[in-house]
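**Q** Just dropping this structure here.
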Amino acid sequence: MITVRSSPVSKLLLTGGAPGLQVVEGEALTECSLPVAMFGRGFCRVTVQDAAGGRAWSNPIHL
C-alpha cells in the first residue's frame, strides 16, 4: 500500500511502469491509501490534481 497526504485535491492518480492506473476522485481529498501490487517490482508515480486543474507529481517510487 502507498499512502498519499497532500493539500486538498480533486483527483489522485497512481500510475506505473506496468500497464495499470488507479484513480480516486472527490472534493478536497487530503489523504488516500492505494495498493501497489499491480505494479509488481517495478515503480509507480503519484499525480495529484487540484480543482483548478493544476497538477503535481512525485518522482518514481521504486517498489
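Quick note on naming: the chains in the C-alpha cells go A, B, ... in the order shown, residues restart at 1 in each chain, and ligands are numbered from 1 in order of appearance.
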List the neighbours of Glu27 in chain A out to 8 Å using only C-alpha atoms; skip same-chain residues closer than 5 positions along the sequence, and give me the result as a list of chain:residue names.

**A**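 Using only C-alpha atoms, the neighbours found are A:Pro8, A:Val9, A:Ser10.
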
**Q** Convert the current residue selection to file output with C-alpha atoms, as a PDB file, in the first residue's frame.

**A**
```
ATOM      1  CA  PRO A   8      -6.843  19.401  -0.815  1.00  0.00           C
ATOM      2  CA  VAL A   9      -7.063  17.893  -4.325  1.00  0.00           C
ATOM      3  CA  SER A  10      -9.890  16.740  -6.565  1.00  0.00           C
TER       4      SER A  10
END
```

**Q** Nearest residue to Asn59 in chain A out of A:Ser7, A:Leu14, A:Val24, A:Glu31, using only C-alpha atoms?

**A**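 Closest to Asn59 in chain A, using only C-alpha atoms: A:Leu14.
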
**Q** With only C-alpha atoms as the counted atoms, please give the residues lying no more than 12 Å from Lys11 in chain A, apart from itself and same-chain residues fewer than 4 positions off, as an NGL selection string.

**A** :A and (4 or 6-7 or 22-32 or 46-57)

**Q** Would you output that residue set with N, CA, C and O atoms, as a short mmCIF file (atom, residue, chain, number, x, y, z; two decimals), in the first residue's frame?

**A**
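The result, stored in part36.cif:
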```cif
data_model
loop_
_atom_site.label_atom_id
_atom_site.label_comp_id
_atom_site.auth_asym_id
_atom_site.auth_seq_id
_atom_site.Cartn_x
_atom_site.Cartn_y
_atom_site.Cartn_z
N VAL A 4 -0.93 8.57 0.49
CA VAL A 4 -0.61 9.90 0.00
C VAL A 4 -1.34 10.92 0.87
O VAL A 4 -2.54 10.77 1.13
N SER A 6 -1.77 15.18 1.12
CA SER A 6 -1.50 16.40 0.38
C SER A 6 -2.45 17.50 0.80
O SER A 6 -3.39 17.27 1.56
N SER A 7 -2.22 18.68 0.26
CA SER A 7 -3.22 19.73 0.41
C SER A 7 -4.46 19.26 -0.36
O SER A 7 -4.38 18.31 -1.14
N GLN A 22 -4.74 3.68 -11.28
CA GLN A 22 -5.75 3.79 -10.24
C GLN A 22 -6.07 5.27 -10.08
O GLN A 22 -5.16 6.10 -10.02
N VAL A 23 -7.35 5.60 -10.04
CA VAL A 23 -7.78 6.99 -9.92
C VAL A 23 -8.78 7.10 -8.78
O VAL A 23 -9.70 6.29 -8.67
N VAL A 24 -8.59 8.10 -7.94
CA VAL A 24 -9.54 8.43 -6.87
C VAL A 24 -9.96 9.87 -7.11
O VAL A 24 -9.10 10.75 -7.26
N GLU A 25 -11.26 10.11 -7.16
CA GLU A 25 -11.77 11.47 -7.36
C GLU A 25 -12.69 11.84 -6.21
O GLU A 25 -13.35 10.97 -5.64
N GLY A 26 -12.73 13.10 -5.87
CA GLY A 26 -13.59 13.58 -4.80
C GLY A 26 -13.40 15.08 -4.62
O GLY A 26 -12.76 15.73 -5.43
N GLU A 27 -13.97 15.59 -3.58
CA GLU A 27 -13.82 17.00 -3.26
C GLU A 27 -12.91 17.16 -2.06
O GLU A 27 -13.14 16.54 -1.03
N ALA A 28 -11.90 17.95 -2.20
CA ALA A 28 -10.98 18.27 -1.11
C ALA A 28 -10.37 17.02 -0.47
O ALA A 28 -10.29 16.91 0.75
N LEU A 29 -9.90 16.07 -1.29
CA LEU A 29 -9.20 14.89 -0.77
C LEU A 29 -7.88 15.33 -0.16
O LEU A 29 -7.15 16.12 -0.77
N THR A 30 -7.56 14.83 1.01
CA THR A 30 -6.28 15.17 1.64
C THR A 30 -5.46 13.93 1.99
O THR A 30 -4.28 14.05 2.29
N GLU A 31 -6.07 12.74 1.96
CA GLU A 31 -5.35 11.51 2.27
C GLU A 31 -6.01 10.34 1.57
O GLU A 31 -7.24 10.26 1.49
N CYS A 32 -5.18 9.42 1.06
CA CYS A 32 -5.70 8.26 0.36
C CYS A 32 -4.65 7.15 0.43
O CYS A 32 -3.46 7.41 0.32
N VAL A 46 2.88 9.05 -8.21
CA VAL A 46 1.66 9.68 -7.73
C VAL A 46 1.50 11.02 -8.44
O VAL A 46 2.45 11.80 -8.51
N THR A 47 0.30 11.28 -8.95
CA THR A 47 -0.03 12.58 -9.53
C THR A 47 -1.29 13.08 -8.83
O THR A 47 -2.23 12.32 -8.63
N VAL A 48 -1.29 14.33 -8.42
CA VAL A 48 -2.47 14.94 -7.81
C VAL A 48 -2.91 16.11 -8.67
O VAL A 48 -2.09 16.76 -9.33
N GLN A 49 -4.22 16.35 -8.68
CA GLN A 49 -4.78 17.45 -9.46
C GLN A 49 -5.73 18.24 -8.58
O GLN A 49 -6.61 17.66 -7.95
N ASP A 50 -5.57 19.56 -8.56
CA ASP A 50 -6.46 20.39 -7.76
C ASP A 50 -7.71 20.76 -8.55
O ASP A 50 -7.84 20.43 -9.73
N ALA A 51 -8.63 21.44 -7.91
CA ALA A 51 -9.92 21.78 -8.52
C ALA A 51 -9.76 22.69 -9.74
O ALA A 51 -10.60 22.68 -10.64
N ALA A 52 -8.67 23.44 -9.81
CA ALA A 52 -8.43 24.35 -10.94
C ALA A 52 -7.72 23.65 -12.09
O ALA A 52 -7.44 24.27 -13.11
N GLY A 53 -7.39 22.36 -11.93
CA GLY A 53 -6.72 21.62 -12.99
C GLY A 53 -5.21 21.58 -12.88
O GLY A 53 -4.54 20.95 -13.69
N GLY A 54 -4.64 22.25 -11.86
CA GLY A 54 -3.20 22.23 -11.66
C GLY A 54 -2.76 20.84 -11.21
O GLY A 54 -3.46 20.18 -10.45
N ARG A 55 -1.61 20.40 -11.69
CA ARG A 55 -1.11 19.07 -11.34
C ARG A 55 0.27 19.14 -10.72
O ARG A 55 1.06 20.04 -11.02
N ALA A 56 0.55 18.15 -9.88
CA ALA A 56 1.88 17.94 -9.33
C ALA A 56 2.09 16.44 -9.28
O ALA A 56 1.14 15.68 -9.16
N TRP A 57 3.36 15.99 -9.37
CA TRP A 57 3.62 14.56 -9.38
C TRP A 57 4.91 14.26 -8.65
O TRP A 57 5.78 15.12 -8.49
#
```

**Q** Can you check which residues of chain A DSSP gives as strand (DSSP E or B) on the backbone and send them as number ranges by chain?

**A** A: 2-16, 21-34, 43-49, 55-57, 61-62

**Q** From the list A:Pro35, A:Gly42, A:Pro19, A:Pro60, which residue is nearest Thr3 in chain A when using only C-alpha atoms?

**A**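 Among the listed residues, A:Pro35 lies closest to Thr3 in chain A.
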
**Q** Give me the residues near His62 in chain A as a list in words, where near means some atom within 10 Å (using only C-alpha atoms) and where sequence neighbours in that chain fewer than 4 positions away do not count.

**A**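 Listed by chain and then number, they are Gly16, Phe39, Arg41, Gly42, Phe43, Cys44 and Arg45 of chain A.
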
**Q** Kindly export the residues of the current selection with all heavy atoms, as a PDB file, in the first residue's frame.

**A**
```pdb
ATOM      1  N   GLY A  16       2.193   3.600 -13.234  1.00  0.00           N
ATOM      2  CA  GLY A  16       3.479   2.926 -13.120  1.00  0.00           C
ATOM      3  C   GLY A  16       3.969   2.352 -14.413  1.00  0.00           C
ATOM      4  O   GLY A  16       3.351   2.542 -15.469  1.00  0.00           O
ATOM      5  N   PHE A  39       1.722  -3.115  -9.842  1.00  0.00           N
ATOM      6  CA  PHE A  39       2.956  -2.637 -10.460  1.00  0.00           C
ATOM      7  C   PHE A  39       4.130  -3.587 -10.235  1.00  0.00           C
ATOM      8  O   PHE A  39       5.247  -3.303 -10.650  1.00  0.00           O
ATOM      9  CB  PHE A  39       3.290  -1.235  -9.955  1.00  0.00           C
ATOM     10  CG  PHE A  39       2.183  -0.258 -10.190  1.00  0.00           C
ATOM     11  CD1 PHE A  39       1.482   0.286  -9.132  1.00  0.00           C
ATOM     12  CD2 PHE A  39       1.801   0.094 -11.474  1.00  0.00           C
ATOM     13  CE1 PHE A  39       0.442   1.173  -9.337  1.00  0.00           C
ATOM     14  CE2 PHE A  39       0.756   0.976 -11.703  1.00  0.00           C
ATOM     15  CZ  PHE A  39       0.074   1.504 -10.631  1.00  0.00           C
ATOM     16  N   ARG A  41       7.286  -5.472  -9.149  1.00  0.00           N
ATOM     17  CA  ARG A  41       8.528  -4.976  -8.550  1.00  0.00           C
ATOM     18  C   ARG A  41       9.085  -3.800  -9.340  1.00  0.00           C
ATOM     19  O   ARG A  41      10.264  -3.497  -9.266  1.00  0.00           O
ATOM     20  CB  ARG A  41       9.539  -6.109  -8.450  1.00  0.00           C
ATOM     21  CG  ARG A  41       9.051  -7.230  -7.547  1.00  0.00           C
ATOM     22  CD  ARG A  41      10.072  -8.317  -7.366  1.00  0.00           C
ATOM     23  NE  ARG A  41      11.298  -7.861  -6.739  1.00  0.00           N
ATOM     24  CZ  ARG A  41      11.503  -7.753  -5.428  1.00  0.00           C
ATOM     25  NH1 ARG A  41      10.540  -8.071  -4.604  1.00  0.00           N
ATOM     26  NH2 ARG A  41      12.652  -7.340  -4.961  1.00  0.00           N
ATOM     27  N   GLY A  42       8.232  -3.148 -10.114  1.00  0.00           N
ATOM     28  CA  GLY A  42       8.651  -2.007 -10.927  1.00  0.00           C
ATOM     29  C   GLY A  42       8.629  -0.712 -10.145  1.00  0.00           C
ATOM     30  O   GLY A  42       9.285  -0.576  -9.118  1.00  0.00           O
ATOM     31  N   PHE A  43       7.859   0.235 -10.649  1.00  0.00           N
ATOM     32  CA  PHE A  43       7.767   1.535  -9.988  1.00  0.00           C
ATOM     33  C   PHE A  43       6.362   2.079 -10.159  1.00  0.00           C
ATOM     34  O   PHE A  43       5.576   1.600 -10.964  1.00  0.00           O
ATOM     35  CB  PHE A  43       8.784   2.522 -10.579  1.00  0.00           C
ATOM     36  CG  PHE A  43       8.445   2.993 -11.961  1.00  0.00           C
ATOM     37  CD1 PHE A  43       7.689   4.134 -12.158  1.00  0.00           C
ATOM     38  CD2 PHE A  43       8.859   2.284 -13.075  1.00  0.00           C
ATOM     39  CE1 PHE A  43       7.360   4.568 -13.431  1.00  0.00           C
ATOM     40  CE2 PHE A  43       8.542   2.709 -14.355  1.00  0.00           C
ATOM     41  CZ  PHE A  43       7.792   3.853 -14.527  1.00  0.00           C
ATOM     42  N   CYS A  44       6.059   3.084  -9.363  1.00  0.00           N
ATOM     43  CA  CYS A  44       4.803   3.813  -9.521  1.00  0.00           C
ATOM     44  C   CYS A  44       5.100   5.293  -9.319  1.00  0.00           C
ATOM     45  O   CYS A  44       6.172   5.667  -8.883  1.00  0.00           O
ATOM     46  CB  CYS A  44       3.728   3.315  -8.554  1.00  0.00           C
ATOM     47  SG  CYS A  44       4.081   3.558  -6.818  1.00  0.00           S
ATOM     48  N   ARG A  45       4.134   6.110  -9.680  1.00  0.00           N
ATOM     49  CA  ARG A  45       4.257   7.560  -9.532  1.00  0.00           C
ATOM     50  C   ARG A  45       2.898   8.091  -9.105  1.00  0.00           C
ATOM     51  O   ARG A  45       1.865   7.642  -9.585  1.00  0.00           O
ATOM     52  CB  ARG A  45       4.655   8.180 -10.864  1.00  0.00           C
ATOM     53  CG  ARG A  45       4.820   9.685 -10.825  1.00  0.00           C
ATOM     54  CD  ARG A  45       5.094  10.269 -12.209  1.00  0.00           C
ATOM     55  NE  ARG A  45       6.160   9.623 -12.929  1.00  0.00           N
ATOM     56  CZ  ARG A  45       7.434  10.014 -12.944  1.00  0.00           C
ATOM     57  NH1 ARG A  45       7.797  11.071 -12.247  1.00  0.00           N
ATOM     58  NH2 ARG A  45       8.326   9.371 -13.647  1.00  0.00           N
TER      59      ARG A  45
END
```

**Q** Give the answer as one residue: which of A:Leu63, A:Ser58, A:Ser33, A:Gly40 has the shortest atom-to-atom distance to Arg5 in chain A, using only C-alpha atoms?

**A**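 Between A:Leu63, A:Ser58, A:Ser33, A:Gly40, the residue approaching Arg5 in chain A most closely is A:Ser33.
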